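Peer 1: Contents of data.cif (mmCIF, C-alpha atoms) are below:
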data_protein
#
loop_
_atom_site.label_atom_id
_atom_site.label_comp_id
_atom_site.auth_asym_id
_atom_site.auth_seq_id
_atom_site.Cartn_x
_atom_site.Cartn_y
_atom_site.Cartn_z
CA ALA Z 1 -18.14 14.06 19.82
CA GLU Z 2 -20.72 11.38 19.07
CA GLY Z 3 -21.59 13.02 15.81
CA GLY Z 4 -17.93 13.25 14.93
CA LEU Z 5 -17.46 9.56 15.65
CA ARG Z 6 -20.50 8.70 13.57
CA GLY Z 7 -19.17 10.80 10.74
CA PHE Z 8 -15.82 9.04 10.93
CA ILE Z 9 -17.42 5.60 10.90
CA ALA Z 10 -19.71 6.65 8.03
CA LYS Z 11 -16.65 7.23 5.84
CA PHE Z 12 -15.90 3.51 6.07
CA THR Z 13 -19.43 2.18 5.91
CA VAL Z 14 -19.67 3.33 2.27
CA LEU Z 15 -17.46 0.32 1.52
CA LYS Z 16 -20.30 -1.98 2.59
CA GLY Z 17 -21.24 -3.91 -0.49
CA ALA Z 18 -18.04 -2.96 -2.32
CA GLN Z 19 -17.05 -5.18 -5.22
CA ARG Z 20 -14.84 -8.14 -4.44
CA GLU Z 21 -12.26 -6.69 -6.83
CA LEU Z 22 -11.81 -3.60 -4.65
CA TRP Z 23 -10.84 -5.72 -1.64
CA LEU Z 24 -8.53 -7.76 -3.85
CA THR Z 25 -6.97 -4.50 -5.04
CA PHE Z 26 -6.23 -3.59 -1.41
CA LEU Z 27 -4.62 -7.00 -0.87
CA ILE Z 28 -2.60 -6.70 -4.08
CA LYS Z 29 -1.37 -3.28 -2.99
CA PHE Z 30 -0.23 -4.68 0.35
CA LEU Z 31 1.62 -7.61 -1.21
CA ILE Z 32 3.25 -5.51 -3.94
CA TYR Z 33 4.36 -2.71 -1.64
CA THR Z 34 5.63 -5.05 1.09
CA ALA Z 35 7.70 -6.97 -1.48
CA TYR Z 36 8.97 -3.69 -2.93
CA SER Z 37 9.87 -2.29 0.50
CA VAL Z 38 11.77 -5.44 1.52
CA THR Z 39 13.72 -5.24 -1.74
CA ASN Z 40 14.34 -1.52 -1.41
CA LYS Z 41 15.75 -1.91 2.12
CA THR Z 42 17.99 -4.78 0.99
CA MET Z 43 19.22 -3.59 -2.39
CA ILE Z 44 22.25 -1.47 -1.40
CA LEU Z 45 23.47 -4.00 1.18
CA TRP Z 46 23.11 -6.82 -1.34
CA LEU Z 47 25.03 -4.91 -4.01
CA SER Z 48 27.88 -4.08 -1.64
CA LYS Z 49 28.09 -7.16 0.60
CA ASP Z 50 27.14 -9.93 -1.84
CA LEU Z 51 28.18 -8.58 -5.23
CA GLY Z 52 31.27 -6.60 -4.23
CA PHE Z 53 30.26 -3.08 -5.26
CA SER Z 54 31.61 -0.21 -3.20
CA ASP Z 55 29.13 1.62 -0.97
CA GLN Z 56 29.28 4.62 -3.30
CA ALA Z 57 28.70 2.52 -6.42
CA ALA Z 58 25.83 0.60 -4.77
CA GLY Z 59 24.15 3.84 -3.70
CA ALA Z 60 24.59 5.30 -7.19
CA LEU Z 61 23.08 2.23 -8.85
CA VAL Z 62 20.00 2.42 -6.67
CA GLY Z 63 19.64 6.20 -6.62
CA TRP Z 64 20.67 7.04 -10.18
CA VAL Z 65 19.80 3.92 -12.17
CA TRP Z 66 17.13 1.77 -10.51
CA ALA Z 67 14.90 4.55 -9.13
CA PRO Z 68 14.96 6.72 -12.31
CA ALA Z 69 14.31 3.61 -14.45
CA MET Z 70 11.20 2.87 -12.38
CA THR Z 71 10.01 6.45 -12.92
CA VAL Z 72 10.47 6.25 -16.69
CA PHE Z 73 8.75 2.86 -17.00
CA THR Z 74 5.90 4.03 -14.76
CA LEU Z 75 5.17 6.84 -17.23
CA LEU Z 76 4.95 4.28 -20.04
CA ALA Z 77 2.83 1.79 -18.10
CA GLY Z 78 -0.43 3.66 -18.67
CA SER Z 79 -0.24 3.18 -22.43
CA LEU Z 80 0.46 -0.52 -21.99
CA THR Z 81 -2.54 -0.91 -19.69
CA ASP Z 82 -4.77 0.72 -22.30
CA ALA Z 83 -3.44 -1.65 -24.93
CA ILE Z 84 -3.62 -5.04 -23.15
CA GLY Z 85 -5.96 -4.42 -20.21
CA LEU Z 86 -5.61 -4.04 -16.48
CA ARG Z 87 -5.54 -7.71 -15.50
CA ARG Z 88 -2.97 -8.69 -18.12
CA THR Z 89 -0.77 -5.78 -17.12
CA PHE Z 90 -0.92 -6.98 -13.53
CA PHE Z 91 0.10 -10.49 -14.58
CA LEU Z 92 2.90 -9.19 -16.80
CA GLY Z 93 4.33 -7.01 -14.03
CA VAL Z 94 4.23 -9.82 -11.48
CA ALA Z 95 5.78 -12.30 -13.93
CA ILE Z 96 8.66 -9.91 -14.67
CA CYS Z 97 9.20 -9.21 -10.96
CA SER Z 98 9.14 -12.94 -10.15
CA PHE Z 99 11.77 -13.66 -12.78
CA ALA Z 100 13.96 -10.74 -11.68
CA ARG Z 101 13.75 -11.63 -7.99
CA SER Z 102 14.54 -15.28 -8.77
CA VAL Z 103 17.73 -14.15 -10.50
CA MET Z 104 18.62 -11.87 -7.59
CA VAL Z 105 18.14 -14.75 -5.13
CA VAL Z 106 20.58 -17.12 -6.81
CA THR Z 107 23.18 -15.11 -8.72
CA THR Z 108 26.50 -13.74 -7.48
CA ILE Z 109 27.58 -12.46 -10.90
CA PRO Z 110 27.29 -8.64 -10.89
CA SER Z 111 26.55 -8.22 -14.61
CA LEU Z 112 23.86 -10.93 -14.57
CA ALA Z 113 22.35 -9.50 -11.40
CA LEU Z 114 22.05 -6.05 -12.97
CA ILE Z 115 20.90 -7.03 -16.47
CA CYS Z 116 18.54 -9.88 -15.56
CA GLY Z 117 17.63 -8.81 -12.03
CA VAL Z 118 17.74 -5.13 -11.13
CA LEU Z 119 16.71 -3.69 -14.51
CA PRO Z 120 13.76 -6.06 -15.18
CA LEU Z 121 12.63 -5.54 -11.59
CA ALA Z 122 12.36 -1.81 -12.26
CA VAL Z 123 10.12 -2.59 -15.24
CA GLY Z 124 7.92 -5.00 -13.31
CA GLU Z 125 7.56 -2.72 -10.29
CA ALA Z 126 6.72 0.22 -12.53
CA LEU Z 127 3.84 -1.68 -14.11
CA GLY Z 128 2.12 -2.08 -10.75
CA THR Z 129 1.76 1.52 -9.56
CA PRO Z 130 -0.50 3.08 -12.25
CA VAL Z 131 -2.44 -0.16 -12.64
CA LEU Z 132 -3.30 -0.22 -8.93
CA LEU Z 133 -4.56 3.34 -9.09
CA ALA Z 134 -6.63 2.51 -12.16
CA ALA Z 135 -8.03 -0.59 -10.45
CA THR Z 136 -9.03 1.43 -7.38
CA ARG Z 137 -10.91 3.87 -9.60
CA ILE Z 138 -12.58 1.19 -11.71
CA TYR Z 139 -13.68 -1.08 -8.88
CA SER Z 140 -15.04 1.64 -6.56
CA THR Z 141 -18.21 3.67 -6.87
CA THR Z 142 -18.24 7.46 -6.76
CA ARG Z 143 -19.16 7.44 -3.04
CA GLN Z 144 -16.47 4.86 -2.24
CA ARG Z 145 -13.67 6.44 -4.22
CA SER Z 146 -12.36 8.91 -1.65
CA ILE Z 147 -12.03 6.41 1.19
CA ALA Z 148 -10.78 3.73 -1.23
CA PHE Z 149 -7.83 5.89 -2.27
CA SER Z 150 -7.19 6.82 1.38
CA ILE Z 151 -7.00 3.12 2.24
CA ILE Z 152 -4.68 2.46 -0.69
CA TYR Z 153 -2.23 5.07 0.57
CA SER Z 154 -2.57 3.83 4.16
CA ILE Z 155 -1.73 0.32 3.01
CA MET Z 156 1.57 1.68 1.72
CA ASN Z 157 2.50 2.62 5.29
CA VAL Z 158 1.38 -0.77 6.60
CA GLY Z 159 3.44 -2.53 3.93
CA TYR Z 160 6.48 -0.41 4.78
CA LEU Z 161 6.05 -1.24 8.48
CA VAL Z 162 5.74 -4.99 7.83
CA ALA Z 163 8.77 -4.87 5.53
CA GLY Z 164 10.79 -3.23 8.29
CA VAL Z 165 9.82 -5.96 10.75
CA VAL Z 166 10.72 -8.69 8.24
CA PHE Z 167 14.01 -6.98 7.36
CA ASP Z 168 15.11 -6.72 11.00
CA PHE Z 169 13.92 -10.25 11.84
CA VAL Z 170 15.82 -11.95 9.02
CA ARG Z 171 19.03 -10.02 9.64
CA LYS Z 172 18.99 -10.52 13.42
CA SER Z 173 17.99 -14.19 13.27
CA ASP Z 174 21.21 -15.13 11.45
CA PHE Z 175 19.69 -18.09 9.62
CA HIS Z 176 22.04 -20.40 7.75
CA PRO Z 177 19.76 -22.52 5.51
CA SER Z 178 21.16 -24.73 2.78
CA PHE Z 179 19.26 -26.05 -0.22
CA PHE Z 180 21.18 -28.73 -2.12
CA GLY Z 181 24.43 -26.89 -1.55
CA PHE Z 182 22.97 -23.40 -2.06
CA ALA Z 183 23.38 -21.33 1.12
CA PRO Z 184 21.60 -17.98 0.66
CA THR Z 185 23.01 -14.94 2.43
CA PRO Z 186 20.69 -12.87 4.67
CA HIS Z 187 20.16 -10.49 1.74
CA GLN Z 188 19.24 -13.35 -0.59
CA GLN Z 189 16.90 -14.66 2.11
CA LEU Z 190 15.16 -11.28 2.14
CA PHE Z 191 14.81 -11.46 -1.64
CA MET Z 192 13.29 -14.92 -1.14
CA VAL Z 193 10.66 -13.35 1.14
CA SER Z 194 9.83 -10.73 -1.49
CA LEU Z 195 9.71 -13.48 -4.15
CA ALA Z 196 7.26 -15.49 -2.01
CA LEU Z 197 5.01 -12.42 -1.71
CA GLU Z 198 5.23 -11.98 -5.48
CA ILE Z 199 4.18 -15.57 -6.11
CA VAL Z 200 1.12 -15.14 -3.85
CA LEU Z 201 0.04 -12.35 -6.18
CA PHE Z 202 -0.65 -14.75 -9.07
CA PRO Z 203 -3.76 -16.41 -7.55
CA THR Z 204 -4.87 -13.06 -6.11
CA ILE Z 205 -4.82 -11.37 -9.51
CA TYR Z 206 -6.48 -14.40 -11.09
CA PHE Z 207 -9.68 -13.64 -9.17
CA LEU Z 208 -9.93 -10.13 -10.59
CA ARG Z 209 -12.76 -10.22 -13.09
CA SER Z 210 -12.77 -8.27 -16.30
CA ARG Z 211 -15.46 -5.65 -16.91
CA GLN Z 212 -17.26 -8.02 -19.29
CA GLU Z 213 -17.32 -10.78 -16.67
CA ARG Z 214 -18.75 -8.40 -14.05
CA GLU Z 215 -21.45 -7.15 -16.42
CA ARG Z 216 -22.57 -10.70 -17.21
CA GLN Z 217 -23.31 -11.33 -13.51
#
If you convert what's in this file into structure tokens, what do you get?

Peer 2:
Amino acid sequence: AEGGLRGFIAKFTVLKGAQRELWLTFLIKFLIYTAYSVTNKTMILWLSKDLGFSDQAAGALVGWVWAPAMTVFTLLAGSLTDAIGLRRTFFLGVAICSFARSVMVVTTIPSLALICGVLPLAVGEALGTPVLLAATRIYSTTRQRSIAFSIIYSIMNVGYLVAGVVFDFVRKSDFHPSFFGFAPTPHQQLFMVSLALEIVLFPTIYFLRSRQERERQ
């Protein structure tokens, strides 16, 4: 039993001395996936309650438009990363998501919400997934790689759990804030939470060093 415990602990001790960028990658994964999960839980309710779509139409938009669009753009993201670099792809994805979520927070016009919110969000979210996997591979050593990817996938579960807590808290709290006449609905408030998480990503990504910067140190 002692040996088994030592073996379990040894799997994590390989991360001792890991590059700063690997820990930042873990943090980025948590922020991205929590923001995504909050949005994913809210999307259908927002489309039906705030924008007036039927339950069937809202489900179809998420299941047959938004999700497939993310899959298609994810397949294309690898080529973009090769062309402009990992860090710039991160920034581009976060910038697109921030714009899209800002639109989704304030608009009540269905066409604007879909064209300038839901569709760009699918593009921005899609840019994050392959880039995070690439970052985990680049910033970990051969010995660290297995546990690093295990942590990345575990963080997805943590992010989903935190998103669930946030989702339930905001809906049950029944807040009624007003900002200069703008009174966001509970679903818009949830999008504001995901937008705040997205904004925190900008300084986090900023501290990721390029390969040339790491080699100079």

Peer 1: Selection in question (the file shown): the PyMOL selection byres ((chain Z and resi 130) around 12). Which residues does it include, as an mmCIF file with C-alpha atoms, keeping the file's coordinate frame?

Peer 2:
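Saved as result-v5.cif:
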data_model
loop_
_atom_site.group_PDB
_atom_site.id
_atom_site.type_symbol
_atom_site.label_atom_id
_atom_site.label_comp_id
_atom_site.auth_asym_id
_atom_site.auth_seq_id
_atom_site.Cartn_x
_atom_site.Cartn_y
_atom_site.Cartn_z
ATOM 1 C CA LYS Z 29 -1.370 -3.280 -2.990
ATOM 2 C CA MET Z 70 11.200 2.870 -12.380
ATOM 3 C CA THR Z 71 10.010 6.450 -12.920
ATOM 4 C CA PHE Z 73 8.750 2.860 -17.000
ATOM 5 C CA THR Z 74 5.900 4.030 -14.760
ATOM 6 C CA LEU Z 75 5.170 6.840 -17.230
ATOM 7 C CA LEU Z 76 4.950 4.280 -20.040
ATOM 8 C CA ALA Z 77 2.830 1.790 -18.100
ATOM 9 C CA GLY Z 78 -0.430 3.660 -18.670
ATOM 10 C CA SER Z 79 -0.240 3.180 -22.430
ATOM 11 C CA LEU Z 80 0.460 -0.520 -21.990
ATOM 12 C CA THR Z 81 -2.540 -0.910 -19.690
ATOM 13 C CA ASP Z 82 -4.770 0.720 -22.300
ATOM 14 C CA LEU Z 86 -5.610 -4.040 -16.480
ATOM 15 C CA THR Z 89 -0.770 -5.780 -17.120
ATOM 16 C CA PHE Z 90 -0.920 -6.980 -13.530
ATOM 17 C CA GLY Z 93 4.330 -7.010 -14.030
ATOM 18 C CA GLY Z 124 7.920 -5.000 -13.310
ATOM 19 C CA GLU Z 125 7.560 -2.720 -10.290
ATOM 20 C CA ALA Z 126 6.720 0.220 -12.530
ATOM 21 C CA LEU Z 127 3.840 -1.680 -14.110
ATOM 22 C CA GLY Z 128 2.120 -2.080 -10.750
ATOM 23 C CA THR Z 129 1.760 1.520 -9.560
ATOM 24 C CA VAL Z 131 -2.440 -0.160 -12.640
ATOM 25 C CA LEU Z 132 -3.300 -0.220 -8.930
ATOM 26 C CA LEU Z 133 -4.560 3.340 -9.090
ATOM 27 C CA ALA Z 134 -6.630 2.510 -12.160
ATOM 28 C CA ALA Z 135 -8.030 -0.590 -10.450
ATOM 29 C CA THR Z 136 -9.030 1.430 -7.380
ATOM 30 C CA ARG Z 137 -10.910 3.870 -9.600
#

Peer 1: Name the residues captured by the PyMOL selection byres ((chain Z and resi 99) around 9) when it is applied to the shown file; answer as a PyMOL selection string.

Peer 2: chain Z and resi 94-98+100-104+116-117+120-121+195

Peer 1: Take CA of Asp55 (chain Z) and CA of Asp168 (chain Z) and report the distance between them in Å, one decimal.

Peer 2: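 Between CA of Asp55 (chain Z) and CA of Asp168 (chain Z) the gap is 20.2 Å.
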
Peer 1: As a VMD selection string, please: the residues near region 159-164 of chain Z (cut-off 8 Å, all atoms listed in the file, same-chain neighbours under 2 positions excluded).

Peer 2: chain Z and resid 30 to 31 33 to 35 37 to 38 155 to 157 166 to 168

Peer 1: If the PyMOL selection byres ((chain Z and resi 58) around 10) were run on this exact file, what residues would it hold? Put them as a list in words.

Peer 2: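 Applied to this file, the PyMOL selection byres ((chain Z and resi 58) around 10) selects Met43, Ile44, Leu45, Trp46, Leu47, Ser48, Lys49, Leu51, Gly52, Phe53, Ser54, Asp55, Gln56, Ala57, Gly59, Ala60, Leu61, Val62, Gly63 and Trp64 of chain Z.
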
Peer 1: Using CA of Asp174 (chain Z) and CA of Pro186 (chain Z) as the two end points, give the distance in Å to one decimal.

Peer 2: 7.2 Å

Peer 1: Which distance in Å separates CA of Thr25 (chain Z) and CA of Met192 (chain Z), to one decimal?

Peer 2: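 Distance reported for this atom pair: 23.1 Å.
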
Peer 1: Pick the closest to Leu22 (chain Z) from Z:Val170, Z:Ile147, Z:Ala183, Z:Val165: which is it, counting only C-alpha atoms?

Peer 2: Z:Ile147

Peer 1: Compare Z:Lys11, Z:Lys172, Z:Arg20, Z:Arg6 by their minimum atom-to-atom distance to Thr204 (chain Z), counting all atoms listed in the file, and give me the closest one.

Peer 2: Z:Arg20

Peer 1: Rank Z:Phe175, Z:Phe169, Z:Phe191, Z:Tyr139 by their smallest atom-to-atom distance to Val105 (chain Z), using all atoms listed in the file, and report the top residue only.

Peer 2: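 Selected residue with least distance to Val105 (chain Z): Z:Phe191.
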
Peer 1: For a quick check of understanding, using all atoms listed in the file, which of Z:Leu119, Z:Leu24, Z:Val158, Z:Ile84 has the smallest distance to Tyr206 (chain Z)?

Peer 2: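 Smallest separation from Tyr206 (chain Z) among the options: Z:Leu24.
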
Peer 1: Find the residue from Z:Arg171, Z:Arg87, Z:His176, Z:Lys16 that sits nearest to Leu190 (chain Z); use all atoms listed in the file when measuring.

Peer 2: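 The answer is Z:Arg171, which sits nearest to Leu190 (chain Z).
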
Peer 1: Given 6 Å on each side, where is the centre and what are the edge lengths in Å to one decimal of the axis-aligned box enclosing the listed atoms of region 86-104 of chain Z, as lines of an AutoDock Vina configuration file?

Peer 2:
center_x = 6.5
center_y = -9.7
center_z = -12.9
size_x = 36.2
size_y = 23.2
size_z = 22.5
